[in-house]
Amino acid sequence: MKLLLKNIQIVNPAQSLNQRKDILISNGTIAEIGQIDEKGCDQVIEGNSLICAPGLFDMHVHLREPGREDEETVQTGCNSAAAGGFTGVACMPNTSPAIDNAEVVSSILEKAKNHLVEVIPIGAVSVGREGESLAPIAELYTAGARAFSDDGVAVKSASLLRNALEYLQMYNAPVIEHCEDESLADGAMNESEVSTLLGLPSVPSVAEDLIVMRDILMAEYTGGKVHIAHISSKRAVEIVREAKAKGINVTAEVTPHHFTLTDDSLKSYDTNFKMNPPLRKAADVEAIIEGLIDGTIDCIASDHAPHSIEEKEMEFIYAPNGILGLETELGLALSELVHKNRLTIEQLIEKLAINPRKILNIPVPKIEKGVEANLSIFDPDLVWTVEVSKFKSKSRNSPFNNRLLTGKSVAVINKGKLYYQNQYHSL
Amino acid sequence: MPLSNRHLLGLYGIPREDIQLILDTSSTFREVLERPIKKVPTLTGKTIVNLFFENSTRTRISFELAQKRLSADTVNFSTSMSSTKKGETFKDTVKNIEAMKIDMIVVRHQSAGVPHFLTKISNANIINAGDGRHEHPTQALLDMYSIREKFKSFEGLRLCIVGDIAHSRVALSNIHGLITMGAKVSVCGPPTMIPRGIESLGVKVLHSIDKAIQENDVLNVLRIQLERKAGTNIPSVREYHNYFGITAERIEKNNPNIVILHPGPINRGVELSSEVADGPYQIILNQVTNGVAVRMAVLYLLGTL
């Protein structure tokens with residue numbers, strides 16, 4: 001089948017591409033880029049206001065399979081990713097059982113095999129994510145894991161982290177860290193005058209900063225690769241910035257909610273604003289955006305965390321942390337960063353498509369003749385209202401329901417498949 | 001003028017007129033409590049559920065008496081277990097109770113925000129009887145009523161809340177209510193008991209009990225929760241008493257005119273010496289009596305909106 005992307009703005013900073021052309025995709029492969037006649041094409045997508053970028057990649061999602069298939073499965077998570085404009089995701093190992101053995105990696109890869117969206121499993125650092133002994137990292141890597149994390153918590157001890165960082169140098173794979181000091185972590189929101197006003201138990205931002213600092217020192221000492229997940233505090237951004245200036249091997253990601261919302265949102269006691277790390281202050285949001293601008297923060301990742309309605313509709317202190325992210329991520333990034341003139345569209349594509357793959361040390365798709373098409377097509381100016389009832393995810397826990405966003409995915413193409421107008425098509 | 005809100009979730013943001021109305025109405029009911037027959041037919045036919053997810057004797061009894069004296073029908077639902085541990089969600093528990101056709105819910109819960117959550121899943125009037133470390137508005141109202149009996153006006157009155165402010169719902173409700181009414185409020189305790197950003201609520205922070213006694217007209221002394229693990233926010237109960245406990249000696253030395261409130265139950269020999277707890281400075285049992293009148297006022301005002 002021949003698909004023509006007509007008169008579309010092709011943007012890929014990795015190839016210094018930013019030009020308006022036609023792209024012909026034949027049987028899933030980019031057959032030609034240039035001025036192409038519509039004749040003989042089976043399907044035409046009119047470019048006009050659309051941007052064509054390398055397929056977006058979210059390196060931090062929770063697919064909940066195995067264990068909580070009532071909240072999300074590999075299949076529904078991939079559907080959610082495709083609807084959000086992503087052609088690839090990396091899934092966290094806090095499943096049940098954890099991704100701490102090769103069989104779980106293989107079973108996830110098997111389930112994702114025929115989907116348009118590529119799934120890269122993240123292996124656990126420790127057996128059962130319990131922080132005691134190293135998981136079989138080489139076996140996990142061989143089975144397909146490309147990064148390692150005990151996400152949900154930080155790697156429990158500096159000695160275990162040291163071993164993981166050293167061992168992983170065989171593969172040039174990162175340890176992805178959920179940075180939170182356990183002894184300070186007993187709370188339901190950020191510690192500030194808002195937590196005092198709301199009477200909720202709170203976690204200070206220094207709980208994050210401490211582990212960010214520990215991890216950077218361990219990365220420096222071992223020469224290993226640390227990736228800071230969902231950075232949320234101003235001080236943590238500063239620490240990462242200083243570390244990068246010193247040449248330490250550290251990278252960082254931020255979620256859309258951490259560059260969009262503050263802890264003022266919790267005044268409604270809506271559990272859809274409960275996440276970990278918690279929403280912080282306006283100064284943290286500003287520091288994060290500055291970190292995105294100057295490259296301290298390498299990428300945007302959603303921390304897509306599906307939870308059942310009955311789990312979230314609960315007393316605030318008992319409700320679980322986390323919100324959906326995949327289907328609002330691109331819209332929030334465009335609305336909050338690009339349309340507010342904080343990031344250029346090229347920078348945004350670096351943070352959503354290129355850098356996550358570089359961190360995971362996996363190939364970055366190119367937009368050139370002869371390669372398999374791995375593309376995200378989006379309309380940066382389309383104004384739409386978030387409706388959680390229309391999400392492809394199995395869960396509904398988003399604080400952004402009814403929010404007006406500017407910018408939305410239109411189509412994604414990968415592995416010989418097209419997702420367009422709510423349907424999958426074979427190319 | 002009726003109240004501006006059909007629930008009482010806290011004193012944060014409650015207008016002065018509403019507080020005034022509740023306190024004035026409380027005076028009327030306070031007189032009822034002195035009559036030989038302490039019952040009025042005001043809420044006849046209204047059904048009220050006391051939904052207590054946390055152990056409480058005094059607050060529940062006070063509410064229950066207030067309800068009975070207003071001739072309402074009352075039911076108690078008490079469990080120290082979180083409903084989730086029983087397998088039924090909190091929402092289902094509430095929906096079930098509401099299906100029995102009730103008009104008002106008085107709720108106490110370990111989690112802040114539960115009364116707010118209730119307003120979203122129930123049509124009843126919701127009264128917060130204490131949510132986590134957030135608010136306990138009827139306690140603050142009865143404290144204010146008791147203060148007003150003594151001082152007539154809040155304008156310029158200097159009041160200090162002493163103790164574990166960080167874990168206290170009584171403190172927050174007192175701060176909001178008293179500031180709204182024009183009082184000058186401070187808090188006193190070791191820094192580990194003072195929560196972040198409390199100054200942003202308009203209160204002064206003190207760490208010396210002598211200074212707190214000197215500088216104020218009223219001390220509202222909080223209970224030190226002995227069940228809280230010792231050695232975390234204070235080294236020991238003994239040390240707390242030695243440095244923050246209120247003794248007759250301290251009062252006599254610093255300000256013999258001070259008025260002492262305490263929400264109860266008292267830990268004698270910890271936050272108050274027995275001499276103070278039984279002495280001439282305190283109005284603790286007035287608070288308890290007034291509590292019934294204030295709760296009658298709140299129930300009446302919300303129940304007849």
# chains A, B, ... in the order shown; residues from 1 in each chain; ligands from 1
>>> interface_residues(of="chain A", to="chain B", cutoff="7 Å", atoms="only C-alpha atoms", output="list in words")
Ser192, Glu193, Thr196, Leu198, Gly199, Leu200, Tyr269, Met314, Glu315, Phe316 and Ile317 of chain A
>>> select_by_dssp(residues="region 95-242 of chain B", states="strand (DSSP E)", output="PyMOL selection string")
chain B and resi 104-109+125-131+158-162+184-188+204-206+218-221
>>> residues_around(residues="Gly85 (chain A)", least_positions_apart="6", cutoff="9 Å", atoms="only C-alpha atoms", output="list of chain:residue names")
A:Gly55, A:Leu56, A:Phe57, A:Leu326, A:Glu327, A:Glu329, A:Leu330, A:Leu375, A:Ser376, A:Ile377, A:Phe378, A:Lys408, A:Ser409, A:Val410, A:Ala411, A:Val412
>>> residues_around(residues="Pro41 (chain B)", least_positions_apart="4", cutoff="10 Å", atoms="only C-alpha atoms", output="list in words")
Gly45, Lys68, Arg69, Leu70, Ser71 and Ala72 of chain B
>>> write_last_selection(atoms="N, CA, C and O atoms", output="PDB file, in the first residue's frame")
ATOM      1  N   GLY B  45     -37.768  15.005  63.118  1.00  0.00           N
ATOM      2  CA  GLY B  45     -37.933  14.443  61.779  1.00  0.00           C
ATOM      3  C   GLY B  45     -36.664  14.436  60.952  1.00  0.00           C
ATOM      4  O   GLY B  45     -36.618  13.823  59.889  1.00  0.00           O
ATOM      5  N   LYS B  68     -29.742  15.011  70.136  1.00  0.00           N
ATOM      6  CA  LYS B  68     -30.889  14.553  70.919  1.00  0.00           C
ATOM      7  C   LYS B  68     -31.646  15.739  71.505  1.00  0.00           C
ATOM      8  O   LYS B  68     -32.868  15.735  71.573  1.00  0.00           O
ATOM      9  N   ARG B  69     -30.906  16.757  71.893  1.00  0.00           N
ATOM     10  CA  ARG B  69     -31.556  17.923  72.494  1.00  0.00           C
ATOM     11  C   ARG B  69     -32.275  18.765  71.455  1.00  0.00           C
ATOM     12  O   ARG B  69     -33.101  19.613  71.796  1.00  0.00           O
ATOM     13  N   LEU B  70     -31.960  18.512  70.196  1.00  0.00           N
ATOM     14  CA  LEU B  70     -32.695  19.181  69.129  1.00  0.00           C
ATOM     15  C   LEU B  70     -33.798  18.280  68.572  1.00  0.00           C
ATOM     16  O   LEU B  70     -34.432  18.594  67.560  1.00  0.00           O
ATOM     17  N   SER B  71     -33.988  17.106  69.192  1.00  0.00           N
ATOM     18  CA  SER B  71     -35.023  16.138  68.804  1.00  0.00           C
ATOM     19  C   SER B  71     -34.799  15.504  67.441  1.00  0.00           C
ATOM     20  O   SER B  71     -35.743  15.047  66.793  1.00  0.00           O
ATOM     21  N   ALA B  72     -33.549  15.463  66.987  1.00  0.00           N
ATOM     22  CA  ALA B  72     -33.264  14.768  65.726  1.00  0.00           C
ATOM     23  C   ALA B  72     -33.142  13.274  65.995  1.00  0.00           C
ATOM     24  O   ALA B  72     -32.892  12.849  67.118  1.00  0.00           O
TER      25      ALA B  72
END
>>> residues_around(residues="Leu334 (chain A)", least_positions_apart="4", cutoff="10 Å", atoms="only C-alpha atoms", output="list in words")
Glu329, Leu330, Val338, His339, Lys340, Asn341, Arg342, Leu343, Thr344, Ile345, Leu348, Asp379, Pro380, Asp381, Leu405, Thr406, Gly407 and Lys408 of chain A
>>> write_last_selection(atoms="C-alpha atoms", output="compact mmCIF listing (two decimals), in the first residue's frame")
# COMPACT_ATOMS: atom_id res chain seq x y z
CA GLU A 329 1.52 14.60 27.01
CA LEU A 330 1.99 16.04 23.54
CA VAL A 338 5.94 25.66 22.57
CA HIS A 339 2.93 27.96 22.42
CA LYS A 340 4.23 29.90 25.42
CA ASN A 341 7.49 30.37 23.50
CA ARG A 342 9.65 28.49 25.97
CA LEU A 343 10.79 25.70 23.63
CA THR A 344 11.03 25.60 19.85
CA ILE A 345 9.34 22.79 18.00
CA LEU A 348 10.36 19.67 21.74
CA ASP A 379 -1.19 19.31 14.41
CA PRO A 380 0.50 21.81 16.74
CA ASP A 381 -2.38 24.26 16.51
CA LEU A 405 -5.17 22.06 24.95
CA THR A 406 -3.55 23.33 21.77
CA GLY A 407 -1.83 20.62 19.77
CA LYS A 408 -2.78 17.02 19.14
>>> residues_around(residues="Cys91 (chain A)", least_positions_apart="4", cutoff="9 Å", atoms="only C-alpha atoms", output="ChimeraX atom specification")
/A:58-64,119-123
>>> residues_around(residues="region 156-164 of chain A", least_positions_apart="4", cutoff="12 Å", atoms="only C-alpha atoms", output="MDAnalysis selection string")
chainID A and resid 123:127 129:138 147:152 168:183 211:226
>>> atom_distance(atom1="CA of Glu31 (chain B)", atom2="CA of Ile161 (chain B)")
28.7 Å
>>> atom_distance(atom1="CA of Ser389 (chain A)", atom2="CA of Lys113 (chain A)")
27.3 Å
>>> select_by_dssp(residues="region 219-300 of chain A", states="alpha helix (DSSP H)", output="PyMOL selection string")
chain A and resi 219-222+234-245+256-260+282-294
